[in-house]
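Everything below concerns the one structure shown next.
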Amino acid sequence: MTGMQSVTILGSTGSIGVNTLDVIARHPQRYSVFALTASTQVDLILAQCQAFSPQYAVMASPEHAQQLALKVRELGLSVEVLSGAQALCDVSAHADVHAVMAAIVGAAGLAPSLAAARAGKKLLLANKEALVVGGELFMQAVREGGATLLPIDSEHSAVFQSLPEDPSTWSRRVEKIVLTASGGPFRTRDPLTLHEVTPEQACAHPNWVMGRKISVDSATMMNKALEVIEASYLFALPGSQIEVVIHPQSVIHSMVQYRDRSVVAQLGTPDMRGPIAYGLSWPERIESGAAALDFSSMGALSFERPDEQRFPGLHLAWQALEGPRGTTAVLNAANEVAVEAFLGGRLRFDQIHTVNHATLQALSPSKPQSLGDLLAIDAHARELAQGQIAGLAR
């Protein structure tokens, strides 16, 4: 697309949002910021408003919006401050917006992502939950709205970059997708000691700088389970054609194996600005700010199978994909609740899987037909997961 592109960033104060603004700042003649949104970080989004002059800034709650509006007025900025779920949808579907970076963590990002899809936007999807929770309903909105869906997760961006340009050929040419995983901070830890893991240890990722929730998901490899589900919907492949391999160096971001057994892989330094720049500029490529790979000093690249005892949650991905429509939303909700309980000191690290597995067993959803149905499944699963946590605490 030629000319200036106007971008809404959902979740601008998170790591993806901050990196997106870094890429945009490198190309002021190409991108402008239409709207920024955040949950609670008033001072950071204020600084972003000063730097990028968006038309709108959206906070999750009226209280935080009031705080931001006061500071915006004090600085004399011409930014309209809004709050709430509907405002997120409005700035995602607005007629003046070309692209939407969907980087709100959790199920809260589903509604604005759906709004952008239905409005036919270029949707840069960094929110796993839109697909894990939304599933076929979300993909249907993308098709009906005529949206362009571009994955931003480093693994899915790598797969997308390794696939043929014509999606109609994928099913007959592709044998399988191989998603790589770093293995997180506990790749070599004795599984019998995982019950001792603290939130600080779980959040200390060896390769990537990420938020606390996704860092815990990386440590349990639930992030990879969610990515398997996401890949199934994104690339219209059954779970049986998706494999996970641990690659500690995080240089190969994922691979595609073709019918002739050729493998095409995408490599790069572990820097989210790479996939963000690719999504923003697709089908072109622009400077991202990421460092270039130095092959002469890279050293060996190694691969290993995920250990089932250390990462029991990984297999839940295939179990959820084989369940009734909506089962993937159950898994996501249970995991969000379990991780929150772990970070809050109410659940042991090894019990995250216990809660996820038990909730998945307890709830078989009826076929969701709308966003309301999905949110009802989400709410029911959260309630069951909280019950599981309470039972474990007794």
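Ordered as shown in the structure tokens, chains take letters A, B, and onward, while each chain numbers its residues from 1 and ligands are numbered from 1 in the order shown.
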
Using only C-alpha atoms, which residues of region 167-250 of chain A come within 7 Å of region 286-303 of chain A, and what is the closest atom pair for each, with the distance in Å to one decimal? Give it as JSON lines, sorted by chain and residue number.
```
{"residue": "A:Val245", "atom": "CA", "partner": "A:Phe303", "partner_atom": "CA", "distance": 6.5}
{"residue": "A:Ile246", "atom": "CA", "partner": "A:Phe303", "partner_atom": "CA", "distance": 5.5}
{"residue": "A:His247", "atom": "CA", "partner": "A:Phe303", "partner_atom": "CA", "distance": 4.7}
{"residue": "A:Pro248", "atom": "CA", "partner": "A:Ser302", "partner_atom": "CA", "distance": 6.9}
{"residue": "A:Gln249", "atom": "CA", "partner": "A:Leu301", "partner_atom": "CA", "distance": 6.5}
```

ask   = Residues at most 8 Å from region 37-39 of chain A, counting only C-alpha atoms, excluding those fewer than 2 positions away in the same chain, as number ranges by chain?
value = A: 9-13, 35, 41-42, 45, 57-61, 64, 88

Taking N, CA and C atoms for each residue, export the selection above as a compact mmCIF listing (two decimals), in the first residue's frame.
```txt
# COMPACT_ATOMS: atom_id res chain seq x y z
N ILE A 9 -3.10 1.20 17.73
CA ILE A 9 -2.34 0.21 18.49
C ILE A 9 -3.12 -0.15 19.75
N LEU A 10 -3.66 -1.36 19.75
CA LEU A 10 -4.39 -1.86 20.92
C LEU A 10 -3.37 -2.47 21.88
N GLY A 11 -3.17 -1.83 23.02
CA GLY A 11 -2.17 -2.30 23.97
C GLY A 11 -0.82 -1.64 23.71
N SER A 12 -0.81 -0.31 23.65
CA SER A 12 0.41 0.40 23.24
C SER A 12 1.48 0.44 24.33
N THR A 13 1.11 0.16 25.58
CA THR A 13 2.10 0.24 26.66
C THR A 13 2.76 -1.11 26.95
N ALA A 35 -4.73 5.94 17.01
CA ALA A 35 -5.19 5.74 18.39
C ALA A 35 -4.23 4.86 19.15
N GLN A 41 -1.52 2.08 32.56
CA GLN A 41 -0.26 2.85 32.58
C GLN A 41 -0.44 4.27 32.02
N VAL A 42 -0.95 5.13 32.86
CA VAL A 42 -1.29 6.49 32.45
C VAL A 42 -0.06 7.28 32.01
N ILE A 45 1.41 6.01 28.53
CA ILE A 45 0.60 6.37 27.35
C ILE A 45 0.60 7.89 27.15
N ALA A 57 -6.87 8.45 22.59
CA ALA A 57 -6.21 7.57 23.57
C ALA A 57 -7.33 6.93 24.38
N VAL A 58 -7.28 5.62 24.51
CA VAL A 58 -8.34 4.88 25.19
C VAL A 58 -7.77 4.15 26.41
N MET A 59 -8.39 4.36 27.56
CA MET A 59 -8.02 3.63 28.77
C MET A 59 -9.13 2.64 29.10
N ALA A 60 -8.77 1.56 29.79
CA ALA A 60 -9.75 0.52 30.10
C ALA A 60 -10.85 1.02 31.02
N SER A 61 -10.49 1.82 32.04
CA SER A 61 -11.48 2.26 33.03
C SER A 61 -11.70 3.77 32.97
N HIS A 64 -8.96 5.71 35.08
CA HIS A 64 -7.67 5.94 34.43
C HIS A 64 -7.80 6.93 33.27
N LEU A 88 -12.68 0.85 22.49
CA LEU A 88 -11.64 0.02 21.84
C LEU A 88 -12.12 -0.44 20.47
```

ask   = Among region 226-348 of chain A, which ones does DSSP place in helix (DSSP H, G or I), written as number ranges by chain?
value = A: 226-234, 239-241, 273-281, 295-297, 312-322, 327-343

Preceding selection exported with C-alpha atoms as a CSV table (one decimal), in the first residue's frame:
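What follows is the written file out_8.csv:
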```csv
chain,number,residue,atom,x,y,z
A,226,LEU,CA,-2.0,-21.7,22.3
A,227,GLU,CA,0.3,-21.2,19.3
A,228,VAL,CA,-0.6,-24.7,18.0
A,229,ILE,CA,-4.3,-23.8,18.2
A,230,GLU,CA,-3.6,-20.4,16.6
A,231,ALA,CA,-1.6,-22.0,13.7
A,232,SER,CA,-4.4,-24.5,13.0
A,233,TYR,CA,-6.9,-21.6,12.5
A,234,LEU,CA,-4.5,-19.2,10.8
A,239,GLY,CA,-3.5,-30.3,14.6
A,240,SER,CA,-2.0,-33.5,13.2
A,241,GLN,CA,0.0,-31.4,10.7
A,273,ARG,CA,10.5,-5.6,15.7
A,274,GLY,CA,11.3,-8.0,12.9
A,275,PRO,CA,7.8,-9.5,12.6
A,276,ILE,CA,6.2,-6.2,13.5
A,277,ALA,CA,7.9,-4.4,10.6
A,278,TYR,CA,7.0,-7.3,8.3
A,279,GLY,CA,3.3,-7.0,9.3
A,280,LEU,CA,3.2,-3.2,9.0
A,281,SER,CA,4.9,-3.2,5.6
A,295,PHE,CA,26.4,-16.3,11.0
A,296,SER,CA,30.2,-16.5,11.7
A,297,SER,CA,29.7,-16.1,15.4
A,312,PRO,CA,2.5,-31.6,30.4
A,313,GLY,CA,0.4,-28.7,29.3
A,314,LEU,CA,1.6,-28.8,25.7
A,315,HIS,CA,-0.5,-31.8,24.7
A,316,LEU,CA,-3.7,-29.9,25.8
A,317,ALA,CA,-3.5,-28.0,22.5
A,318,TRP,CA,-4.3,-31.1,20.4
A,319,GLN,CA,-6.9,-32.3,22.9
A,320,ALA,CA,-8.7,-28.9,22.7
A,321,LEU,CA,-8.6,-28.8,18.9
A,322,GLU,CA,-10.2,-32.3,18.8
A,327,THR,CA,-13.1,-26.0,23.7
A,328,THR,CA,-10.1,-23.9,22.9
A,329,ALA,CA,-11.8,-21.0,24.6
A,330,VAL,CA,-12.2,-23.1,27.7
A,331,LEU,CA,-8.4,-23.9,27.8
A,332,ASN,CA,-7.5,-20.3,27.3
A,333,ALA,CA,-9.8,-19.1,30.1
A,334,ALA,CA,-8.6,-21.7,32.6
A,335,ASN,CA,-5.0,-20.9,31.8
A,336,GLU,CA,-5.5,-17.1,32.3
A,337,VAL,CA,-7.1,-17.8,35.7
A,338,ALA,CA,-4.4,-20.3,36.8
A,339,VAL,CA,-1.5,-18.1,35.7
A,340,GLU,CA,-3.1,-15.1,37.6
A,341,ALA,CA,-3.4,-17.3,40.7
A,342,PHE,CA,0.2,-18.4,40.4
A,343,LEU,CA,1.5,-14.9,40.0
```

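Using only C-alpha atoms for every distance, the candidate list A:Val105, A:Val178, A:Ala358, A:Val251 yields A:Ala358 as the residue closest to Leu384 (chain A).
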
Length of the CA of Ala65 (chain A) to CA of Cys49 (chain A) vector [Å] =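 Value for the CA of Ala65 (chain A)-CA of Cys49 (chain A) distance: 13.3 Å.
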
request  = Go ahead and compute the interatomic distance for CA of Val81 (chain A) and CA of Leu374 (chain A), in Å to one decimal.
outcome  =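 About the pair CA of Val81 (chain A) and CA of Leu374 (chain A): they are 29.1 Å apart.
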